[in-house]
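One file, target.csv, carrying CSV, C-alpha atoms:
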chain,number,residue,atom,x,y,z
Z,3,MET,CA,211.0,60.7,-188.2
Z,4,SER,CA,208.7,58.1,-189.8
Z,5,VAL,CA,207.0,56.1,-187.1
Z,6,ARG,CA,203.8,54.1,-187.6
Z,7,ALA,CA,201.3,54.0,-184.7
Z,8,THR,CA,197.7,53.6,-183.8
Z,9,ALA,CA,195.5,56.0,-181.8
Z,10,LEU,CA,192.1,56.5,-180.2
Z,11,ILE,CA,190.4,59.9,-179.9
Z,12,ALA,CA,187.7,60.4,-177.2
Z,13,ASP,CA,185.7,63.7,-177.1
Z,14,ASP,CA,182.0,64.3,-176.7
Z,15,GLU,CA,182.0,66.9,-179.5
Z,16,PRO,CA,181.9,65.2,-182.9
Z,17,LEU,CA,183.4,68.3,-184.6
Z,18,LEU,CA,186.3,68.4,-182.3
Z,19,ARG,CA,187.0,64.7,-182.8
Z,20,GLU,CA,187.0,65.3,-186.5
Z,21,ALA,CA,189.2,68.4,-186.2
Z,22,LEU,CA,191.8,66.6,-184.2
Z,23,THR,CA,191.7,63.7,-186.6
Z,24,GLN,CA,192.5,66.0,-189.5
Z,25,GLN,CA,195.2,67.8,-187.6
Z,26,LEU,CA,196.9,64.6,-186.7
Z,27,ALA,CA,196.7,63.4,-190.3
Z,28,GLN,CA,198.8,66.5,-191.2
Z,29,ALA,CA,201.2,66.3,-188.3
Z,30,TRP,CA,201.6,62.6,-188.3
Z,31,PRO,CA,200.5,60.9,-191.6
Z,32,GLU,CA,201.7,57.5,-190.4
Z,33,LEU,CA,199.3,57.6,-187.4
Z,34,ASP,CA,196.2,55.4,-187.9
Z,35,VAL,CA,193.2,56.6,-185.8
Z,36,VAL,CA,191.6,53.2,-185.2
Z,37,ALA,CA,188.7,54.3,-182.9
Z,38,GLN,CA,186.7,57.3,-181.8
Z,39,ALA,CA,184.6,57.6,-178.6
Z,40,ARG,CA,182.0,60.0,-177.3
Z,41,ASN,CA,182.6,59.5,-173.6
Z,42,GLY,CA,184.9,57.9,-171.1
Z,43,ARG,CA,183.0,54.6,-171.0
Z,44,GLU,CA,183.1,54.3,-174.8
Z,45,ALA,CA,186.8,55.1,-174.7
Z,46,ILE,CA,187.5,52.2,-172.4
Z,47,GLU,CA,185.4,49.8,-174.6
Z,48,CYS,CA,187.0,51.0,-177.8
Z,49,PHE,CA,190.5,50.6,-176.2
Z,50,GLU,CA,189.8,47.1,-175.2
Z,51,LYS,CA,188.7,46.2,-178.7
Z,52,THR,CA,191.4,48.0,-180.7
Z,53,ARG,CA,194.3,48.3,-178.2
Z,54,PRO,CA,195.8,51.5,-179.7
Z,55,GLN,CA,199.2,52.7,-178.7
Z,56,ILE,CA,198.1,56.2,-178.0
Z,57,CYS,CA,194.9,57.6,-176.5
Z,58,PHE,CA,193.9,61.3,-176.9
Z,59,LEU,CA,191.3,61.8,-174.2
Z,60,ASP,CA,189.1,64.9,-173.6
Z,61,VAL,CA,189.2,65.7,-169.9
Z,62,GLN,CA,185.6,66.6,-169.4
Z,63,MET,CA,183.1,64.1,-170.9
Z,64,PRO,CA,179.6,63.0,-169.8
Z,65,GLY,CA,179.6,59.9,-167.6
Z,66,LEU,CA,183.2,58.8,-167.0
Z,67,SER,CA,185.7,61.7,-167.5
Z,68,GLY,CA,188.8,61.4,-169.6
Z,69,VAL,CA,190.9,61.2,-166.4
Z,70,GLU,CA,188.8,58.2,-165.2
Z,71,ALA,CA,189.2,56.5,-168.5
Z,72,ALA,CA,192.9,57.1,-168.4
Z,73,ARG,CA,193.0,55.4,-165.0
Z,74,ALA,CA,191.3,52.3,-166.5
Z,75,ILE,CA,193.7,52.2,-169.4
Z,76,GLY,CA,196.7,52.7,-167.3
Z,77,ARG,CA,200.1,51.9,-168.7
Z,78,ARG,CA,198.7,50.0,-171.6
Z,79,ALA,CA,198.9,53.1,-173.8
Z,80,HIS,CA,200.6,56.5,-174.1
Z,81,LEU,CA,198.1,59.1,-172.8
Z,82,VAL,CA,197.4,62.6,-174.0
Z,83,PHE,CA,194.8,64.8,-172.4
Z,84,VAL,CA,192.8,67.3,-174.6
Z,85,THR,CA,191.3,70.0,-172.5
Z,86,ALA,CA,189.7,73.4,-172.7
Z,87,TYR,CA,190.9,74.0,-169.1
Z,88,ASP,CA,194.7,74.4,-168.9
Z,89,HIS,CA,194.9,74.0,-165.1
Z,90,TYR,CA,193.7,70.4,-165.2
Z,91,ALA,CA,196.9,69.1,-166.7
Z,92,VAL,CA,199.5,71.7,-165.7
Z,93,GLN,CA,200.7,69.6,-162.7
Z,94,ALA,CA,201.1,66.5,-164.9
Z,95,PHE,CA,202.9,68.3,-167.7
Z,96,ALA,CA,205.2,70.2,-165.3
Z,97,GLN,CA,206.4,66.9,-163.9
Z,98,GLY,CA,206.9,65.5,-167.4
Z,99,VAL,CA,204.6,62.6,-166.6
Z,100,LEU,CA,201.7,63.2,-169.0
Z,101,ASP,CA,201.2,65.2,-172.1
Z,102,TYR,CA,198.2,67.4,-172.9
Z,103,LEU,CA,196.8,69.7,-175.6
Z,104,VAL,CA,194.7,72.8,-174.9
Z,105,LYS,CA,191.6,73.5,-177.1
Z,106,PRO,CA,191.7,74.9,-179.7
Z,107,VAL,CA,194.7,72.7,-180.5
Z,108,GLU,CA,197.5,74.7,-181.9
Z,109,ALA,CA,199.6,73.2,-184.7
Z,110,GLY,CA,202.9,74.0,-183.1
Z,111,ARG,CA,201.9,72.5,-179.8
Z,112,LEU,CA,200.6,69.4,-181.6
Z,113,THR,CA,203.9,69.0,-183.4
Z,114,GLU,CA,205.8,69.0,-180.1
Z,115,THR,CA,203.5,66.4,-178.7
Z,116,VAL,CA,203.8,64.2,-181.8
Z,117,THR,CA,207.6,64.4,-181.7
Z,118,ARG,CA,207.6,63.2,-178.0
Z,119,LEU,CA,205.2,60.4,-178.8
Z,120,LYS,CA,207.3,59.3,-181.8
Z,121,GLU,CA,210.4,59.2,-179.6
Z,122,ARG,CA,208.7,57.1,-176.9
Z,123,ILE,CA,207.3,54.6,-179.4
Z,124,SER,CA,210.5,54.3,-181.5
Z,125,ALA,CA,212.5,53.8,-178.4
Z,126,ALA,CA,209.9,51.2,-177.2
Z,127,ARG,CA,209.5,53.0,-173.9
Z,128,PRO,CA,206.7,51.7,-171.8
Z,129,ALA,CA,203.9,54.1,-171.0
Z,130,VAL,CA,204.4,55.9,-167.7
Z,131,ASP,CA,202.8,54.8,-164.4
Z,132,ALA,CA,200.8,57.8,-163.4
Z,133,ASP,CA,198.0,56.3,-161.4
Z,134,THR,CA,198.7,58.5,-158.3
Z,135,LEU,CA,198.8,61.6,-160.4
Z,136,LEU,CA,195.6,60.6,-162.3
Z,137,GLN,CA,193.9,60.0,-159.0
Z,138,GLN,CA,194.8,63.5,-157.9
Z,139,LEU,CA,193.6,65.0,-161.2
Z,140,ALA,CA,190.3,63.0,-161.0
Z,141,ALA,CA,189.7,64.5,-157.5
Z,142,GLN,CA,190.5,68.0,-158.8
Z,143,LEU,CA,188.1,67.5,-161.7
Z,144,GLN,CA,185.4,66.4,-159.3
Z,145,ARG,CA,185.8,69.4,-157.1
Z,146,SER,CA,185.8,71.7,-160.1
Z,147,ALA,CA,182.6,70.1,-161.3
Z,148,ALA,CA,180.8,70.6,-157.9
Z,149,PRO,CA,177.8,72.9,-158.1
Z,150,ALA,CA,178.1,76.4,-156.6
Z,151,PRO,CA,176.5,76.7,-153.2
Z,152,LEU,CA,172.8,77.8,-153.1
Z,153,ARG,CA,172.4,81.6,-153.0
Z,154,TRP,CA,168.6,82.1,-152.9
Z,155,LEU,CA,165.6,80.3,-151.6
Z,156,ARG,CA,162.2,80.6,-153.2
Z,157,ALA,CA,159.2,80.7,-150.8
Z,158,GLN,CA,155.5,81.1,-151.5
Z,159,VAL,CA,153.9,83.4,-149.0
Z,160,GLY,CA,150.2,83.6,-149.9
Z,161,GLN,CA,150.0,84.8,-153.4
Z,162,THR,CA,153.5,86.3,-153.2
Z,163,LEU,CA,156.7,84.6,-154.3
Z,164,ARG,CA,159.6,85.6,-152.0
Z,165,LEU,CA,163.3,85.3,-152.9
Z,166,ILE,CA,165.2,84.9,-149.7
Z,167,ALA,CA,169.0,85.6,-149.8
Z,168,ILE,CA,170.9,82.7,-148.2
Z,169,ASP,CA,173.0,85.2,-146.2
Z,170,GLU,CA,169.8,86.6,-144.6
Z,171,ILE,CA,168.9,83.2,-143.2
Z,172,ASP,CA,169.6,82.6,-139.5
Z,173,TYR,CA,168.6,79.0,-139.3
Z,174,LEU,CA,166.6,76.2,-140.9
Z,175,ARG,CA,164.5,73.7,-139.0
Z,176,SER,CA,162.9,70.5,-140.2
Z,177,ASP,CA,159.1,70.6,-139.8
Z,178,ALA,CA,157.7,67.2,-140.9
Z,179,LYS,CA,158.1,67.1,-144.7
Z,180,TYR,CA,158.7,70.8,-144.8
Z,181,THR,CA,161.5,73.1,-143.7
Z,182,ARG,CA,161.0,76.2,-141.6
Z,183,VAL,CA,163.2,79.0,-142.8
Z,184,ALA,CA,164.0,81.7,-140.2
Z,185,TRP,CA,165.5,84.8,-141.8
Z,186,ARG,CA,165.7,88.6,-141.4
Z,187,GLY,CA,162.9,90.1,-143.4
Z,188,ASP,CA,162.0,93.7,-144.2
Z,189,ALA,CA,164.2,96.2,-142.2
Z,190,GLY,CA,166.0,93.2,-140.7
Z,191,GLN,CA,163.0,92.0,-138.7
Z,192,PRO,CA,162.8,88.3,-137.8
Z,193,ALA,CA,160.6,86.4,-140.2
Z,194,GLU,CA,159.7,82.8,-140.9
Z,195,VAL,CA,158.2,80.8,-143.7
Z,196,LEU,CA,157.7,77.1,-144.5
Z,197,ILE,CA,159.0,75.7,-147.8
Z,198,ASN,CA,158.2,72.2,-149.2
Z,199,THR,CA,161.9,71.2,-149.6
Z,200,PRO,CA,163.1,68.8,-147.0
Z,201,LEU,CA,166.0,69.9,-144.8
Z,202,LYS,CA,168.1,66.9,-145.9
Z,203,ASP,CA,167.9,68.1,-149.5
Z,204,LEU,CA,168.9,71.6,-148.7
Z,205,ILE,CA,171.9,70.7,-146.6
Z,206,ALA,CA,173.9,69.5,-149.6
Z,207,GLN,CA,173.3,72.7,-151.4
Z,208,LEU,CA,174.4,75.1,-148.7
Z,209,ASP,CA,177.9,76.5,-148.2
Z,210,ALA,CA,179.5,74.2,-145.6
Z,211,ALA,CA,181.8,77.0,-144.4
Z,212,GLN,CA,178.8,79.1,-143.5
Z,213,PHE,CA,176.0,76.7,-142.5
Z,214,VAL,CA,176.4,73.8,-140.1
Z,215,GLN,CA,174.1,71.1,-138.8
Z,216,VAL,CA,173.8,71.2,-135.0
Z,217,HIS,CA,170.9,68.9,-134.5
Z,218,ARG,CA,169.2,66.3,-136.7
Z,219,SER,CA,166.5,68.9,-137.4
Z,220,VAL,CA,168.5,72.1,-137.2
Z,221,VAL,CA,171.0,73.9,-139.5
Z,222,VAL,CA,172.4,77.2,-138.4
Z,223,ASN,CA,174.1,80.1,-140.1
Z,224,LEU,CA,177.4,80.5,-138.2
Z,225,ARG,CA,177.2,84.3,-138.8
Z,226,ALA,CA,173.9,84.4,-136.9
Z,227,ILE,CA,175.3,82.9,-133.7
Z,228,GLY,CA,175.7,85.3,-130.7
Z,229,HIS,CA,177.1,82.7,-128.2
Z,230,VAL,CA,176.8,79.1,-127.2
Z,231,VAL,CA,176.1,77.8,-123.7
Z,232,ARG,CA,177.3,74.3,-122.8
Z,233,GLY,CA,174.9,72.1,-120.8
Z,234,ASP,CA,175.5,69.5,-118.1
Z,235,ASN,CA,174.6,66.5,-120.2
Z,236,GLU,CA,176.8,66.8,-123.3
Z,237,THR,CA,174.5,69.2,-125.1
Z,238,ALA,CA,174.5,72.9,-125.7
Z,239,GLU,CA,172.3,75.8,-126.7
Z,240,ILE,CA,172.8,78.4,-129.4
Z,241,HIS,CA,171.8,82.0,-128.7
Z,242,LEU,CA,171.3,84.0,-131.9
Z,243,ARG,CA,172.3,87.6,-132.5
Z,244,HIS,CA,169.0,88.9,-133.7
Z,245,ARG,CA,166.4,86.4,-132.5
Z,246,GLU,CA,165.0,85.2,-129.2
Z,247,GLU,CA,164.9,81.6,-130.2
Z,248,VAL,CA,167.4,79.2,-128.6
Z,249,LEU,CA,168.6,76.4,-130.8
Z,250,PRO,CA,169.6,72.9,-129.5
Z,251,VAL,CA,173.0,71.4,-130.1
Z,252,SER,CA,172.9,67.6,-129.8
Z,253,ARG,CA,175.8,65.5,-128.5
Z,254,SER,CA,176.6,64.3,-132.1
Z,255,TYR,CA,177.4,67.9,-133.1
Z,256,LEU,CA,178.9,69.3,-129.9
Z,257,HIS,CA,182.5,68.8,-131.3
Z,258,LEU,CA,181.8,71.9,-133.5
Z,259,PHE,CA,182.0,74.1,-130.4
Z,260,ARG,CA,184.7,72.3,-128.4
Z,261,GLN,CA,187.0,75.3,-128.4
Z,262,MET,CA,184.4,77.9,-127.3
How would this structure read if it were set down as structure tokens?
Amino acid sequence: MSVRATALIADDEPLLREALTQQLAQAWPELDVVAQARNGREAIECFEKTRPQICFLDVQMPGLSGVEAARAIGRRAHLVFVTAYDHYAVQAFAQGVLDYLVKPVEAGRLTETVTRLKERISAARPAVDADTLLQQLAAQLQRSAAPAPLRWLRAQVGQTLRLIAIDEIDYLRSDAKYTRVAWRGDAGQPAEVLINTPLKDLIAQLDAAQFVQVHRSVVVNLRAIGHVVRGDNETAEIHLRHREEVLPVSRSYLHLFRQM
């Protein structure tokens, strides 16, 4: 089937853009690649200038992702995702809504995609409305890109640099511009040290399933809690398994222990 069309290719790797351009030249000689982009923002700008019928968008690009660029382009073009991570587009492909190619792009798979695109263009079918699905894919991509939780803390003790395993920390308490780290040191004995990272900066790096904030100045390891005692004024106290300290729970965080 001889069908003429225009396309945009967006990928942050120049060699991969060139490789896909060459593969498309063989699989679809009548296709004119009118623009190439290095990231999602450039993809949107190039699309607005050239208005291609098809957009081949790498899923993961610096700045705006290919999924975010696809949401901006919407139904104005036929969309094809190009990804090194098969799971990003499986849902879309399974529903027959969007097409995708997995890196390295295989000739047979590209031929199937080209055939579908030719059919849609020759039949003058409008591009599909997949905004809800693209929103889900964007959220999935964002979760996948989230950094792994912190596993170690570095603390300077005199001339010694200590590496403290996060699992060994019982709690962290804000101390002016520092954070007091209470952990189980040698032979499981209680130990403390000050580090110069503010508590608010540490909270975002901790595993939320293990560490919870119970006071504006206190974060506790749930595994270190022995029991919690409710007070008379909508507060509570946390008693730890291996330490004598009692930690305050303020009213704002009391809901964490409602079912105790």
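As for CA of His257 (chain Z) and CA of Thr199 (chain Z), they are spaced 27.7 Å apart.
Closest approach to Ala193 (chain Z) from the set Z:Leu174, Z:Leu258, Z:Val69, Z:Ala7 is made by Z:Leu174, with distances taken over all atoms listed in the file.
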- Rank Z:Ala39, Z:Leu10, Z:Leu165, Z:Ala109 by their smallest atom-to-atom distance to Ala79 (chain Z), using all atoms listed in the file, and report the top residue only. Z:Leu10
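Pairwise distance (CA of Ser124 (chain Z), CA of Leu59 (chain Z)) equals 21.9 Å.
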- For the point (180.5, 80.4, -151.1) in file coordinates, what residues are within 12 Å, counting all atoms listed in the file? Give the answer as a PyMOL selection string? chain Z and resi 148-153+168-169+207-213
- Note on the structure: CA of Phe259 (chain Z) to CA of Glu236 (chain Z) measures 11.4 Å
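If you count all atoms listed in the file and ignore residues fewer than 6 places along the chain from Pro128 (chain Z), what sits within 9 Å of it is Arg77, Arg78, Ala79, His80 and Arg122 of chain Z.
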